[in-house]
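Source file: structure-v7.cif; contents: mmCIF, C-alpha atoms and all ligand atoms.
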```cif
data_run
loop_
_atom_site.group_PDB
_atom_site.id
_atom_site.type_symbol
_atom_site.label_atom_id
_atom_site.label_comp_id
_atom_site.auth_asym_id
_atom_site.auth_seq_id
_atom_site.Cartn_x
_atom_site.Cartn_y
_atom_site.Cartn_z
ATOM 1 C CA MET A 1 44.406 11.291 -57.661
ATOM 2 C CA THR A 2 42.200 12.213 -60.602
ATOM 3 C CA GLN A 3 44.743 14.748 -61.794
ATOM 4 C CA ALA A 4 47.521 12.185 -61.574
ATOM 5 C CA ALA A 5 45.469 9.722 -63.558
ATOM 6 C CA GLN A 6 44.865 12.245 -66.322
ATOM 7 C CA ILE A 7 48.481 12.924 -67.130
ATOM 8 C CA GLN A 8 50.505 10.505 -69.228
ATOM 9 C CA PRO A 9 53.529 8.793 -67.638
ATOM 10 C CA SER A 10 55.848 10.702 -69.962
ATOM 11 C CA THR A 11 54.311 14.063 -69.079
ATOM 12 C CA PRO A 12 56.571 16.031 -66.760
ATOM 13 C CA VAL A 13 55.077 16.496 -63.309
ATOM 14 C CA LEU A 14 56.711 19.923 -63.151
ATOM 15 C CA SER A 15 57.204 22.050 -66.191
ATOM 16 C CA ILE A 16 58.897 25.445 -66.180
ATOM 17 C CA ASN A 17 58.339 27.133 -69.511
ATOM 18 C CA ASN A 18 60.617 29.939 -70.590
ATOM 19 C CA ILE A 19 60.345 31.991 -67.394
ATOM 20 C CA GLU A 20 61.783 35.358 -66.600
ATOM 21 C CA VAL A 21 62.096 36.503 -62.994
ATOM 22 C CA VAL A 22 62.544 40.089 -61.915
ATOM 23 C CA TYR A 23 63.201 41.422 -58.398
ATOM 24 C CA ASP A 24 62.076 44.887 -57.322
ATOM 25 C CA ASP A 25 60.566 45.473 -60.802
ATOM 26 C CA VAL A 26 64.008 46.054 -62.327
ATOM 27 C CA ILE A 27 66.586 43.392 -61.438
ATOM 28 C CA GLN A 28 66.230 40.611 -63.974
ATOM 29 C CA VAL A 29 67.661 37.373 -62.636
ATOM 30 C CA LEU A 30 66.233 34.553 -64.776
ATOM 31 C CA ARG A 31 66.132 34.698 -68.558
ATOM 32 C CA GLY A 32 64.173 32.154 -70.579
ATOM 33 C CA VAL A 33 64.574 29.266 -68.148
ATOM 34 C CA SER A 34 62.869 26.000 -69.056
ATOM 35 C CA ILE A 35 63.115 22.894 -66.902
ATOM 36 C CA GLU A 36 61.130 19.670 -66.890
ATOM 37 C CA VAL A 37 60.937 17.201 -64.046
ATOM 38 C CA PRO A 38 59.418 13.813 -64.929
ATOM 39 C CA LYS A 39 57.247 12.022 -62.404
ATOM 40 C CA GLY A 40 59.136 9.960 -59.844
ATOM 41 C CA LYS A 41 62.583 11.119 -61.006
ATOM 42 C CA ILE A 42 65.370 13.116 -59.386
ATOM 43 C CA VAL A 43 66.418 16.126 -61.449
ATOM 44 C CA THR A 44 69.308 18.293 -60.349
ATOM 45 C CA LEU A 45 69.859 21.978 -61.044
ATOM 46 C CA LEU A 46 73.555 22.840 -60.796
ATOM 47 C CA GLY A 47 75.476 26.058 -61.071
ATOM 48 C CA PRO A 48 77.787 28.485 -59.309
ATOM 49 C CA ASN A 49 76.800 30.827 -56.540
ATOM 50 C CA GLY A 50 74.522 33.618 -57.778
ATOM 51 C CA ALA A 51 73.423 31.747 -60.920
ATOM 52 C CA GLY A 52 69.734 31.910 -60.023
ATOM 53 C CA LYS A 53 69.128 28.422 -58.617
ATOM 54 C CA SER A 54 67.369 29.515 -55.430
ATOM 55 C CA THR A 55 65.367 32.040 -57.422
ATOM 56 C CA THR A 56 64.156 29.198 -59.646
ATOM 57 C CA LEU A 57 63.020 27.190 -56.612
ATOM 58 C CA LYS A 58 61.299 30.211 -55.094
ATOM 59 C CA ALA A 59 59.478 30.792 -58.378
ATOM 60 C CA ILE A 60 58.153 27.221 -58.147
ATOM 61 C CA SER A 61 57.157 27.352 -54.487
ATOM 62 C CA GLY A 62 55.566 30.810 -54.592
ATOM 63 C CA LEU A 63 58.122 32.300 -52.204
ATOM 64 C CA LEU A 64 59.323 34.973 -54.644
ATOM 65 C CA LYS A 65 56.498 37.254 -53.627
ATOM 66 C CA THR A 66 57.903 37.565 -50.119
ATOM 67 C CA GLU A 67 61.090 39.012 -51.655
ATOM 68 C CA ASN A 68 59.384 41.366 -54.078
ATOM 69 C CA GLY A 69 60.199 39.041 -56.959
ATOM 70 C CA ASP A 70 57.892 38.211 -59.831
ATOM 71 C CA VAL A 71 57.613 35.791 -62.746
ATOM 72 C CA THR A 72 57.228 38.336 -65.544
ATOM 73 C CA ARG A 73 57.233 35.943 -68.504
ATOM 74 C CA GLY A 74 56.545 32.280 -69.130
ATOM 75 C CA ASP A 75 54.697 29.936 -66.827
ATOM 76 C CA ILE A 76 55.123 27.062 -64.408
ATOM 77 C CA SER A 77 52.797 24.109 -64.242
ATOM 78 C CA PHE A 78 52.590 21.266 -61.756
ATOM 79 C CA MET A 79 50.579 18.168 -62.649
ATOM 80 C CA GLY A 80 48.980 20.028 -65.500
ATOM 81 C CA GLN A 81 47.900 23.037 -63.429
ATOM 82 C CA GLN A 82 49.432 26.456 -63.734
ATOM 83 C CA ILE A 83 50.932 27.389 -60.343
ATOM 84 C CA ASP A 84 52.910 30.580 -60.944
ATOM 85 C CA LYS A 85 49.972 32.775 -59.965
ATOM 86 C CA LYS A 86 49.194 30.804 -56.800
ATOM 87 C CA ASN A 87 50.386 31.697 -53.336
ATOM 88 C CA ALA A 88 52.870 29.602 -51.368
ATOM 89 C CA ASP A 89 50.189 27.951 -49.245
ATOM 90 C CA GLU A 90 48.152 26.804 -52.243
ATOM 91 C CA ILE A 91 51.297 25.420 -53.838
ATOM 92 C CA VAL A 92 52.095 23.333 -50.743
ATOM 93 C CA ARG A 93 48.522 22.048 -50.835
ATOM 94 C CA SER A 94 48.900 21.107 -54.482
ATOM 95 C CA GLY A 95 51.823 18.869 -53.489
ATOM 96 C CA VAL A 96 55.107 20.776 -53.810
ATOM 97 C CA PHE A 97 57.216 21.271 -50.692
ATOM 98 C CA GLN A 98 60.460 23.227 -50.620
ATOM 99 C CA VAL A 99 63.340 22.585 -48.228
ATOM 100 C CA MET A 100 65.034 25.941 -48.141
ATOM 101 C CA GLU A 101 68.715 26.717 -48.152
ATOM 102 C CA GLY A 102 70.219 26.897 -44.669
ATOM 103 C CA ARG A 103 67.668 24.383 -43.350
ATOM 104 C CA ARG A 104 65.189 26.734 -41.666
ATOM 105 C CA ILE A 105 64.086 24.489 -38.868
ATOM 106 C CA VAL A 106 62.553 26.105 -35.802
ATOM 107 C CA GLU A 107 65.359 26.086 -33.261
ATOM 108 C CA ASP A 108 63.303 26.574 -30.122
ATOM 109 C CA MET A 109 60.968 23.706 -30.888
ATOM 110 C CA THR A 110 61.613 19.995 -30.448
ATOM 111 C CA VAL A 111 62.122 17.568 -33.320
ATOM 112 C CA ILE A 112 58.553 16.312 -33.030
ATOM 113 C CA GLU A 113 57.111 19.826 -32.930
ATOM 114 C CA ASN A 114 59.090 20.704 -36.058
ATOM 115 C CA LEU A 115 57.778 17.591 -37.792
ATOM 116 C CA LYS A 116 54.202 18.440 -36.842
ATOM 117 C CA LEU A 117 54.687 21.884 -38.382
ATOM 118 C CA GLY A 118 55.404 20.165 -41.698
ATOM 119 C CA ALA A 119 51.953 18.600 -41.544
ATOM 120 C CA TYR A 120 50.103 21.890 -41.113
ATOM 121 C CA THR A 121 48.180 21.533 -44.369
ATOM 122 C CA ARG A 122 46.846 18.099 -43.400
ATOM 123 C CA SER A 123 43.653 17.270 -41.582
ATOM 124 C CA ASP A 124 43.922 13.467 -41.409
ATOM 125 C CA ASN A 125 44.778 11.447 -38.294
ATOM 126 C CA GLN A 126 47.921 9.730 -39.542
ATOM 127 C CA ILE A 127 50.387 12.328 -38.339
ATOM 128 C CA ASN A 128 51.910 10.126 -35.614
ATOM 129 C CA GLN A 129 52.289 7.266 -38.047
ATOM 130 C CA ASP A 130 54.156 9.573 -40.426
ATOM 131 C CA ILE A 131 56.431 10.794 -37.637
ATOM 132 C CA GLU A 132 57.463 7.139 -37.223
ATOM 133 C CA MET A 133 57.965 6.905 -40.991
ATOM 134 C CA VAL A 134 60.326 9.916 -40.815
ATOM 135 C CA PHE A 135 62.199 8.288 -37.918
ATOM 136 C CA SER A 136 62.613 5.133 -40.007
ATOM 137 C CA TYR A 137 64.618 7.216 -42.513
ATOM 138 C CA PHE A 138 66.394 9.281 -39.861
ATOM 139 C CA PRO A 139 66.691 7.021 -36.779
ATOM 140 C CA ARG A 140 69.073 9.385 -35.010
ATOM 141 C CA LEU A 141 66.398 12.105 -34.892
ATOM 142 C CA LYS A 142 64.293 9.891 -32.675
ATOM 143 C CA GLU A 143 66.955 9.972 -29.993
ATOM 144 C CA ARG A 144 67.121 13.768 -29.961
ATOM 145 C CA THR A 145 64.495 14.894 -27.487
ATOM 146 C CA GLY A 146 65.829 18.410 -26.789
ATOM 147 C CA LEU A 147 65.330 21.558 -28.825
ATOM 148 C CA ALA A 148 66.145 21.406 -32.537
ATOM 149 C CA GLY A 149 68.630 24.256 -32.135
ATOM 150 C CA TYR A 150 70.972 21.808 -30.388
ATOM 151 C CA LEU A 151 71.035 19.386 -33.323
ATOM 152 C CA SER A 152 74.183 19.159 -35.441
ATOM 153 C CA GLY A 153 74.134 20.672 -38.930
ATOM 154 C CA GLY A 154 73.574 17.268 -40.489
ATOM 155 C CA GLU A 155 70.731 16.456 -38.115
ATOM 156 C CA GLN A 156 69.071 19.809 -38.834
ATOM 157 C CA GLN A 157 69.223 19.073 -42.551
ATOM 158 C CA MET A 158 67.677 15.647 -41.877
ATOM 159 C CA LEU A 159 64.949 17.291 -39.818
ATOM 160 C CA ALA A 160 64.239 19.766 -42.615
ATOM 161 C CA ILE A 161 63.828 16.877 -45.064
ATOM 162 C CA GLY A 162 61.713 14.973 -42.529
ATOM 163 C CA ARG A 163 59.483 17.993 -42.117
ATOM 164 C CA ALA A 164 58.973 18.085 -45.889
ATOM 165 C CA LEU A 165 57.924 14.418 -45.810
ATOM 166 C CA MET A 166 55.300 15.261 -43.185
ATOM 167 C CA ALA A 167 53.418 17.304 -45.785
ATOM 168 C CA ARG A 168 53.028 14.093 -47.853
ATOM 169 C CA PRO A 169 54.250 15.968 -50.919
ATOM 170 C CA LYS A 170 54.259 14.690 -54.468
ATOM 171 C CA MET A 171 57.434 16.620 -55.107
ATOM 172 C CA ILE A 172 60.193 17.996 -52.881
ATOM 173 C CA CYS A 173 62.475 20.841 -53.975
ATOM 174 C CA LEU A 174 65.751 20.785 -52.042
ATOM 175 C CA ASP A 175 68.008 23.831 -51.967
ATOM 176 C CA GLU A 176 71.644 22.808 -51.439
ATOM 177 C CA PRO A 177 71.126 20.050 -48.882
ATOM 178 C CA SER A 178 74.883 19.391 -48.824
ATOM 179 C CA MET A 179 75.749 22.908 -47.705
ATOM 180 C CA GLY A 180 77.965 22.963 -44.632
ATOM 181 C CA LEU A 181 78.044 19.185 -44.219
ATOM 182 C CA SER A 182 81.111 16.959 -44.034
ATOM 183 C CA PRO A 183 81.680 14.669 -47.054
ATOM 184 C CA LEU A 184 80.579 11.680 -44.993
ATOM 185 C CA LEU A 185 77.304 13.340 -44.029
ATOM 186 C CA VAL A 186 76.705 14.543 -47.577
ATOM 187 C CA LYS A 187 76.956 10.945 -48.698
ATOM 188 C CA GLU A 188 74.533 9.846 -45.997
ATOM 189 C CA VAL A 189 71.987 12.587 -46.725
ATOM 190 C CA PHE A 190 72.092 11.950 -50.484
ATOM 191 C CA GLY A 191 71.687 8.222 -49.851
ATOM 192 C CA ILE A 192 68.529 8.942 -47.849
ATOM 193 C CA ILE A 193 67.204 11.339 -50.512
ATOM 194 C CA ASP A 194 67.640 8.557 -53.057
ATOM 195 C CA LYS A 195 65.912 6.044 -50.771
ATOM 196 C CA ILE A 196 62.956 8.364 -50.159
ATOM 197 C CA ASN A 197 62.612 8.935 -53.898
ATOM 198 C CA LYS A 198 62.599 5.201 -54.635
ATOM 199 C CA GLU A 199 60.452 4.045 -51.706
ATOM 200 C CA GLN A 200 57.936 6.894 -51.489
ATOM 201 C CA GLY A 201 57.896 7.702 -55.202
ATOM 202 C CA ILE A 202 58.396 11.374 -54.413
ATOM 203 C CA THR A 203 59.688 13.411 -57.344
ATOM 204 C CA MET A 204 62.708 15.542 -56.445
ATOM 205 C CA LEU A 205 64.266 18.713 -57.770
ATOM 206 C CA LEU A 206 67.688 18.984 -56.221
ATOM 207 C CA VAL A 207 69.581 22.271 -56.357
ATOM 208 C CA GLU A 208 73.284 21.826 -55.699
ATOM 209 C CA GLN A 209 76.760 23.245 -56.092
ATOM 210 C CA ASN A 210 78.094 19.806 -55.238
ATOM 211 C CA ALA A 211 77.802 18.384 -58.762
ATOM 212 C CA ASN A 212 79.513 15.141 -57.964
ATOM 213 C CA TYR A 213 77.011 13.828 -55.456
ATOM 214 C CA ALA A 214 74.029 15.465 -57.119
ATOM 215 C CA LEU A 215 74.691 13.851 -60.498
ATOM 216 C CA LYS A 216 75.213 10.478 -58.869
ATOM 217 C CA ALA A 217 71.813 10.714 -57.197
ATOM 218 C CA ALA A 218 69.953 12.338 -60.110
ATOM 219 C CA ASP A 219 68.525 10.951 -63.334
ATOM 220 C CA TYR A 220 68.876 14.201 -65.249
ATOM 221 C CA GLY A 221 70.647 17.516 -64.741
ATOM 222 C CA TYR A 222 70.538 21.145 -65.820
ATOM 223 C CA ILE A 223 73.421 23.586 -65.474
ATOM 224 C CA MET A 224 72.535 27.212 -64.867
ATOM 225 C CA GLU A 225 74.786 30.190 -65.188
ATOM 226 C CA SER A 226 73.893 33.896 -64.968
ATOM 227 C CA GLY A 227 70.187 33.142 -65.013
ATOM 228 C CA LYS A 228 70.194 30.852 -68.039
ATOM 229 C CA ILE A 229 70.347 27.121 -68.606
ATOM 230 C CA VAL A 230 73.629 26.508 -70.431
ATOM 231 C CA LEU A 231 73.636 22.716 -70.576
ATOM 232 C CA ASP A 232 71.361 19.806 -69.770
ATOM 233 C CA GLY A 233 71.493 16.062 -70.144
ATOM 234 C CA THR A 234 71.183 12.736 -68.407
ATOM 235 C CA SER A 235 73.437 12.316 -65.411
ATOM 236 C CA GLU A 236 75.624 9.927 -67.403
ATOM 237 C CA GLN A 237 76.016 12.476 -70.186
ATOM 238 C CA LEU A 238 76.902 15.258 -67.775
ATOM 239 C CA LEU A 239 79.282 13.126 -65.718
ATOM 240 C CA SER A 240 81.233 12.265 -68.854
ATOM 241 C CA ASN A 241 81.092 15.763 -70.387
ATOM 242 C CA GLU A 242 84.587 17.285 -70.511
ATOM 243 C CA ASP A 243 83.446 20.765 -69.462
ATOM 244 C CA VAL A 244 81.402 19.454 -66.582
ATOM 245 C CA LYS A 245 84.355 17.359 -65.482
ATOM 246 C CA GLU A 246 86.683 20.290 -65.636
ATOM 247 C CA PHE A 247 84.512 22.986 -64.105
ATOM 248 C CA TYR A 248 82.073 21.148 -61.917
ATOM 249 C CA LEU A 249 83.621 17.877 -60.900
ATOM 250 C CA GLY A 250 86.950 19.537 -60.273
ATOM 251 C CA GLY A 251 89.150 16.469 -60.645
ATOM 252 C CA GLY A 252 90.721 16.848 -57.223
ATOM 253 C CA ASN A 253 89.268 16.934 -53.767
ATOM 254 C CA ASP A 254 88.245 20.582 -53.869
ATOM 255 C CA LYS A 255 84.879 20.410 -55.553
ATOM 256 C CA ARG A 256 84.407 24.172 -55.656
ATOM 257 C CA LYS A 257 87.758 24.856 -57.290
ATOM 258 C CA SER A 258 86.108 25.482 -60.636
ATOM 259 C CA PHE A 259 83.999 28.361 -59.357
ATOM 260 C CA LYS A 260 86.886 30.410 -58.091
ATOM 261 C CA ASN A 261 88.027 31.696 -61.419
ATOM 262 C CA LEU A 262 84.848 32.694 -63.168
ATOM 263 C CA LYS A 263 86.654 34.556 -65.902
ATOM 264 C CA SER A 264 88.548 31.572 -67.187
ATOM 265 C CA TYR A 265 85.459 29.472 -66.664
ATOM 266 C CA LYS A 266 83.467 31.716 -68.987
ATOM 267 C CA ARG A 267 86.189 31.981 -71.564
ATOM 268 C CA ARG A 268 86.971 28.320 -71.738
ATOM 269 C CA LYS A 269 83.660 26.611 -71.598
ATOM 270 C CA ARG A 270 82.733 24.997 -74.852
ATOM 271 C CA TRP A 271 79.034 24.441 -74.673
ATOM 272 C CA LEU A 272 77.803 27.877 -75.734
HETATM 273 N N1 LIG A 301 65.521 39.228 -53.002
HETATM 274 C C1 LIG A 301 66.377 39.601 -53.954
HETATM 275 N N2 LIG A 301 66.391 40.864 -54.432
HETATM 276 C C2 LIG A 301 67.250 41.226 -55.409
HETATM 277 N N3 LIG A 301 68.157 40.406 -55.980
HETATM 278 C C3 LIG A 301 68.187 39.128 -55.545
HETATM 279 C C4 LIG A 301 67.307 38.664 -54.520
HETATM 280 N N4 LIG A 301 67.575 37.346 -54.310
HETATM 281 C C5 LIG A 301 68.563 37.018 -55.147
HETATM 282 N N5 LIG A 301 68.933 38.080 -55.902
HETATM 283 C C6 LIG A 301 69.994 38.093 -56.929
HETATM 284 O O1 LIG A 301 69.669 37.142 -57.914
HETATM 285 C C7 LIG A 301 70.820 36.451 -58.358
HETATM 286 C C8 LIG A 301 70.601 34.965 -58.194
HETATM 287 O O2 LIG A 301 70.510 34.647 -56.806
HETATM 288 P P1 LIG A 301 70.122 33.199 -56.308
HETATM 289 O O3 LIG A 301 68.887 32.765 -56.990
HETATM 290 O O4 LIG A 301 70.107 33.232 -54.834
HETATM 291 O O5 LIG A 301 71.365 32.346 -56.856
HETATM 292 P P2 LIG A 301 71.930 30.919 -56.402
HETATM 293 O O6 LIG A 301 70.898 30.250 -55.557
HETATM 294 O O7 LIG A 301 72.202 30.202 -57.695
HETATM 295 O O8 LIG A 301 73.202 31.185 -55.650
HETATM 296 C C9 LIG A 301 71.993 37.001 -57.560
HETATM 297 O O9 LIG A 301 72.631 37.955 -58.339
HETATM 298 C C10 LIG A 301 71.332 37.641 -56.371
HETATM 299 O O10 LIG A 301 72.080 38.734 -55.925
HETATM 300 MG MG MG A 302 71.021 29.550 -53.638
#
```

Do you think you could lay out the structure here as structure tokens?
Ligand SMILES: Nc1ncnc2c1ncn2[C@@H]1O[C@H](COP(=O)(O)OP(=O)(O)O)[C@@H](O)[C@H]1O
Ligand SMILES: [Mg+2]
Amino acid sequence: MTQAAQIQPSTPVLSINNIEVVYDDVIQVLRGVSIEVPKGKIVTLLGPNGAGKSTTLKAISGLLKTENGDVTRGDISFMGQQIDKKNADEIVRSGVFQVMEGRRIVEDMTVIENLKLGAYTRSDNQINQDIEMVFSYFPRLKERTGLAGYLSGGEQQMLAIGRALMARPKMICLDEPSMGLSPLLVKEVFGIIDKINKEQGITMLLVEQNANYALKAADYGYIMESGKIVLDGTSEQLLSNEDVKEFYLGGGNDKRKSFKNLKSYKRRKRWL
């Protein structure tokens, strides 16, 4: 609370300043990446497969260390405190929770057991109340009493987001929540993300390849390619940008069309 009170409303809650990330001491993946996420907003980080989006999220959440990755330059601060030297546990305690790519729920536990896992850093007695709060966003999870491994892909993604809520985070980082979901479910999940942001005031950093939905939900977006930010702007600016339209919004139904021909994508883009 005191930290929150100290920072000005315009101060970003998360600030990534010119970071470099290297794996195995030699493989440089991020080059001079700077991203700001204002308090209470949804910011999206877009880009093709392999661009470095997940690496950016792991740098924030302290999970790089488990993959022999390291922030070798720059720094990351959350609510005015430098976090890039902290371990993953301390970062969760400071209020940042990451929902990893591919959902990562515990398949041989029930929904409620998975939700309780999300609350592992808490010592208060409001866990059951928060489980009900999660069910109010995801009513269908309440009906699923078996093991989480039997949930559909969409339900597992909902459970992963619900588990993040159980940590009572100030900020949630979501890694490709739309992955593997039908368009209808993507719409539903993004609608709930938006609702959680508005009702709970939780700041969100949303990593996506699905630019269309992400930009509709987000206030601001960054586009990353080959480890660098190549474009950023408000969602309105990006949605009306000709290059974004052509390469990321795809025009037709196939949203990933633009990523298939990387050569022409690199040659033709106009923002560099
Ligand atoms: N643990 C790792 N060790 C070495 N290289 C990695 C590791 N994780 C990711 N990379 C490499 O870093 C680049 C960016 O990967 P990633 O951050 O997963 O991209 P994205 O999430 O945008 O698809 C890729 O070239 C990938 O091969
Ligand atoms: Mg990724």

Can you write out as a tab-separated table which residues of chain A fall within 7 Å of ligand MG 302 (chain A), alongside each residue's closest atom pair and its distance in Å to one decimal, counting all atoms listed in the file and ordering rows by chain and ascending residue number?
```
residue	atom	partner	partner_atom	distance
A:Asn49	CA	A:MG302	MG	6.6
A:Gly50	CA	A:MG302	MG	6.8
A:Gly52	CA	A:MG302	MG	6.9
A:Lys53	CA	A:MG302	MG	5.4
A:Ser54	CA	A:MG302	MG	4.1
A:Glu101	CA	A:MG302	MG	6.6
A:Asp175	CA	A:MG302	MG	6.7
```

**Prompt:** If we count only C-alpha atoms, what is near range 115-130 of chain A at a cut-off of 8 Å, once residues fewer than 6 positions away on the same chain are taken out, given as JSON, numbers by chain?
**Reply:** {"A": [92, 93, 159, 162, 163, 164, 165, 166, 167, 168]}

Output C-alpha atoms for every residue in that selection, as a JSON list (two decimals), in the frame of the given file.
```
[["chain", "number", "residue", "atom", "x", "y", "z"],
["A", 92, "VAL", "CA", 52.10, 23.33, -50.74],
["A", 93, "ARG", "CA", 48.52, 22.05, -50.84],
["A", 159, "LEU", "CA", 64.95, 17.29, -39.82],
["A", 162, "GLY", "CA", 61.71, 14.97, -42.53],
["A", 163, "ARG", "CA", 59.48, 17.99, -42.12],
["A", 164, "ALA", "CA", 58.97, 18.08, -45.89],
["A", 165, "LEU", "CA", 57.92, 14.42, -45.81],
["A", 166, "MET", "CA", 55.30, 15.26, -43.18],
["A", 167, "ALA", "CA", 53.42, 17.30, -45.78],
["A", 168, "ARG", "CA", 53.03, 14.09, -47.85]]
```

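For the structure in this document, the set picked by the PyMOL selection byres (((chain A and resi 226) around 9) and not hetatm) is Val29, Leu30, Arg31, Gly47, Pro48, Gly50, Ala51, Gly52, Met224, Glu225, Gly227, Lys228 and Ile229 of chain A.
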
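Proximity to Gly40 in chain A at 6 Å, evaluated using all atoms listed in the file and with sequence-adjacent residues fewer than 2 positions away removed, yields Gly201, Ile202 and Thr203 of chain A.
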
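Minimum distance to ligand LIG 301 (chain A) across A:Ile83, A:Ile161, A:Met133, A:Ile223 (counting all atoms listed in the file) occurs at A:Ile223.
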
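Minimum atom-to-atom distances from A:Phe135, A:Phe97, A:Tyr150, A:Tyr23 to Leu174 in chain A were compared using all atoms listed in the file, and the lowest value belongs to A:Phe97.
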
**Request:** For Gly32 in chain A, work out the shell of residues within 12 Å, counting only C-alpha atoms and skipping chain neighbours fewer than 6 positions away, then give it as a ChimeraX atom specification.
**Result:** /A:16-22,52,56,71-75,224,226-230

**Complete:** Using only C-alpha atoms and all ligand atoms, the shortest atom-to-atom distance to ligand LIG 301 (chain A) among A:Asp108, A:Glu67, A:Asp25, A:Asp89 belongs to A:Glu67

Once 4 Å is added on each side, what centre and edge lengths in Å to one decimal does the axis-aligned box around all listed atoms of ligand LIG 301 (chain A) have, as AutoDock Vina command-line options?
```
--center_x 69.4 --center_y 35.7 --center_z -55.7 --size_x 15.7 --size_y 19.0 --size_z 13.4
```

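The spacing separating CA of Thr234 in chain A from CA of Glu188 in chain A amounts to 22.8 Å.
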
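Between CA of Phe78 in chain A and CA of Asp219 in chain A lies a distance of 19.0 Å.
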
**Request:** Measuring atom to atom with only C-alpha atoms and all ligand atoms, identify which of A:Met100, A:Ile91, A:Val37, A:Val111 is nearest to ligand LIG 301 (chain A).
**Result:** A:Met100

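Pairwise distance (CA of Ile112 in chain A, CA of Lys58 in chain A) equals 26.2 Å.
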
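This file, filtered with the PyMOL selection byres (((chain A and resi 59) around 9) and not hetatm), gives the residues A:Val21, A:Ser54, A:Thr55, A:Thr56, A:Leu57, A:Lys58, A:Ile60, A:Ser61, A:Gly62, A:Leu63, A:Leu64, A:Lys65, A:Gly69, A:Asp70, A:Val71, A:Ile76, A:Asp84.
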
Pull out every residue that the PyMOL selection byres (((chain A and resi 105) around 8) and not hetatm) matches in the shown coordinates and put them as a compact mmCIF listing (two decimals) with C-alpha atoms, keeping the file's coordinate frame.
```txt
# COMPACT_ATOMS: atom_id res chain seq x y z
CA ARG A 103 67.67 24.38 -43.35
CA ARG A 104 65.19 26.73 -41.67
CA VAL A 106 62.55 26.10 -35.80
CA GLU A 107 65.36 26.09 -33.26
CA ASN A 114 59.09 20.70 -36.06
CA ALA A 148 66.14 21.41 -32.54
CA GLN A 156 69.07 19.81 -38.83
CA LEU A 159 64.95 17.29 -39.82
CA ALA A 160 64.24 19.77 -42.62
```

**Prompt:** Smallest atom-to-atom distance to Glu113 in chain A: which of A:Leu147, A:Val96, A:Leu46, A:Met79, using all atoms listed in the file?
**Reply:** A:Leu147

**Request:** Kindly extract all protein, DNA and RNA residues lying within 8 Å of the coordinates (76.6, 23.2, -42.4) given in the file, considering all atoms listed in the file, and supply them as number ranges by chain.
**Result:** A: 102, 153-154, 178-182

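Nearest residue to Ala217 in chain A among A:Ser240, A:Gln157, A:Thr44, A:Ser152 is A:Thr44, counting all atoms listed in the file.
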
With the input short on atoms, add N, CA and C atoms back to range 172-183 of chain A and write it as a PDB file, in the frame of the given file.
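Written file, out.pdb:
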```
ATOM      1  N   ILE A 172      59.418  17.199 -53.828  1.00  0.00           N
ATOM      2  CA  ILE A 172      60.193  17.996 -52.881  1.00  0.00           C
ATOM      3  C   ILE A 172      61.275  18.743 -53.655  1.00  0.00           C
ATOM      4  N   CYS A 173      61.384  20.045 -53.408  1.00  0.00           N
ATOM      5  CA  CYS A 173      62.475  20.841 -53.975  1.00  0.00           C
ATOM      6  C   CYS A 173      63.482  21.086 -52.856  1.00  0.00           C
ATOM      7  N   LEU A 174      64.720  20.666 -53.079  1.00  0.00           N
ATOM      8  CA  LEU A 174      65.751  20.785 -52.042  1.00  0.00           C
ATOM      9  C   LEU A 174      66.790  21.804 -52.460  1.00  0.00           C
ATOM     10  N   ASP A 175      67.017  22.810 -51.629  1.00  0.00           N
ATOM     11  CA  ASP A 175      68.008  23.831 -51.967  1.00  0.00           C
ATOM     12  C   ASP A 175      69.319  23.578 -51.219  1.00  0.00           C
ATOM     13  N   GLU A 176      70.297  23.088 -51.952  1.00  0.00           N
ATOM     14  CA  GLU A 176      71.644  22.808 -51.439  1.00  0.00           C
ATOM     15  C   GLU A 176      71.668  22.043 -50.113  1.00  0.00           C
ATOM     16  N   PRO A 177      71.115  20.827 -50.123  1.00  0.00           N
ATOM     17  CA  PRO A 177      71.126  20.050 -48.882  1.00  0.00           C
ATOM     18  C   PRO A 177      72.531  19.709 -48.385  1.00  0.00           C
ATOM     19  N   SER A 178      73.529  19.767 -49.249  1.00  0.00           N
ATOM     20  CA  SER A 178      74.883  19.391 -48.824  1.00  0.00           C
ATOM     21  C   SER A 178      75.618  20.542 -48.140  1.00  0.00           C
ATOM     22  N   MET A 179      75.025  21.734 -48.201  1.00  0.00           N
ATOM     23  CA  MET A 179      75.749  22.908 -47.705  1.00  0.00           C
ATOM     24  C   MET A 179      76.173  22.764 -46.241  1.00  0.00           C
ATOM     25  N   GLY A 180      77.448  22.982 -45.996  1.00  0.00           N
ATOM     26  CA  GLY A 180      77.965  22.963 -44.632  1.00  0.00           C
ATOM     27  C   GLY A 180      78.138  21.584 -44.025  1.00  0.00           C
ATOM     28  N   LEU A 181      77.910  20.528 -44.795  1.00  0.00           N
ATOM     29  CA  LEU A 181      78.044  19.185 -44.219  1.00  0.00           C
ATOM     30  C   LEU A 181      79.382  18.551 -44.604  1.00  0.00           C
ATOM     31  N   SER A 182      79.875  17.687 -43.734  1.00  0.00           N
ATOM     32  CA  SER A 182      81.111  16.959 -44.034  1.00  0.00           C
ATOM     33  C   SER A 182      80.828  15.977 -45.178  1.00  0.00           C
ATOM     34  N   PRO A 183      81.882  15.592 -45.933  1.00  0.00           N
ATOM     35  CA  PRO A 183      81.680  14.669 -47.054  1.00  0.00           C
ATOM     36  C   PRO A 183      80.940  13.388 -46.650  1.00  0.00           C
TER      37      PRO A 183
END
```
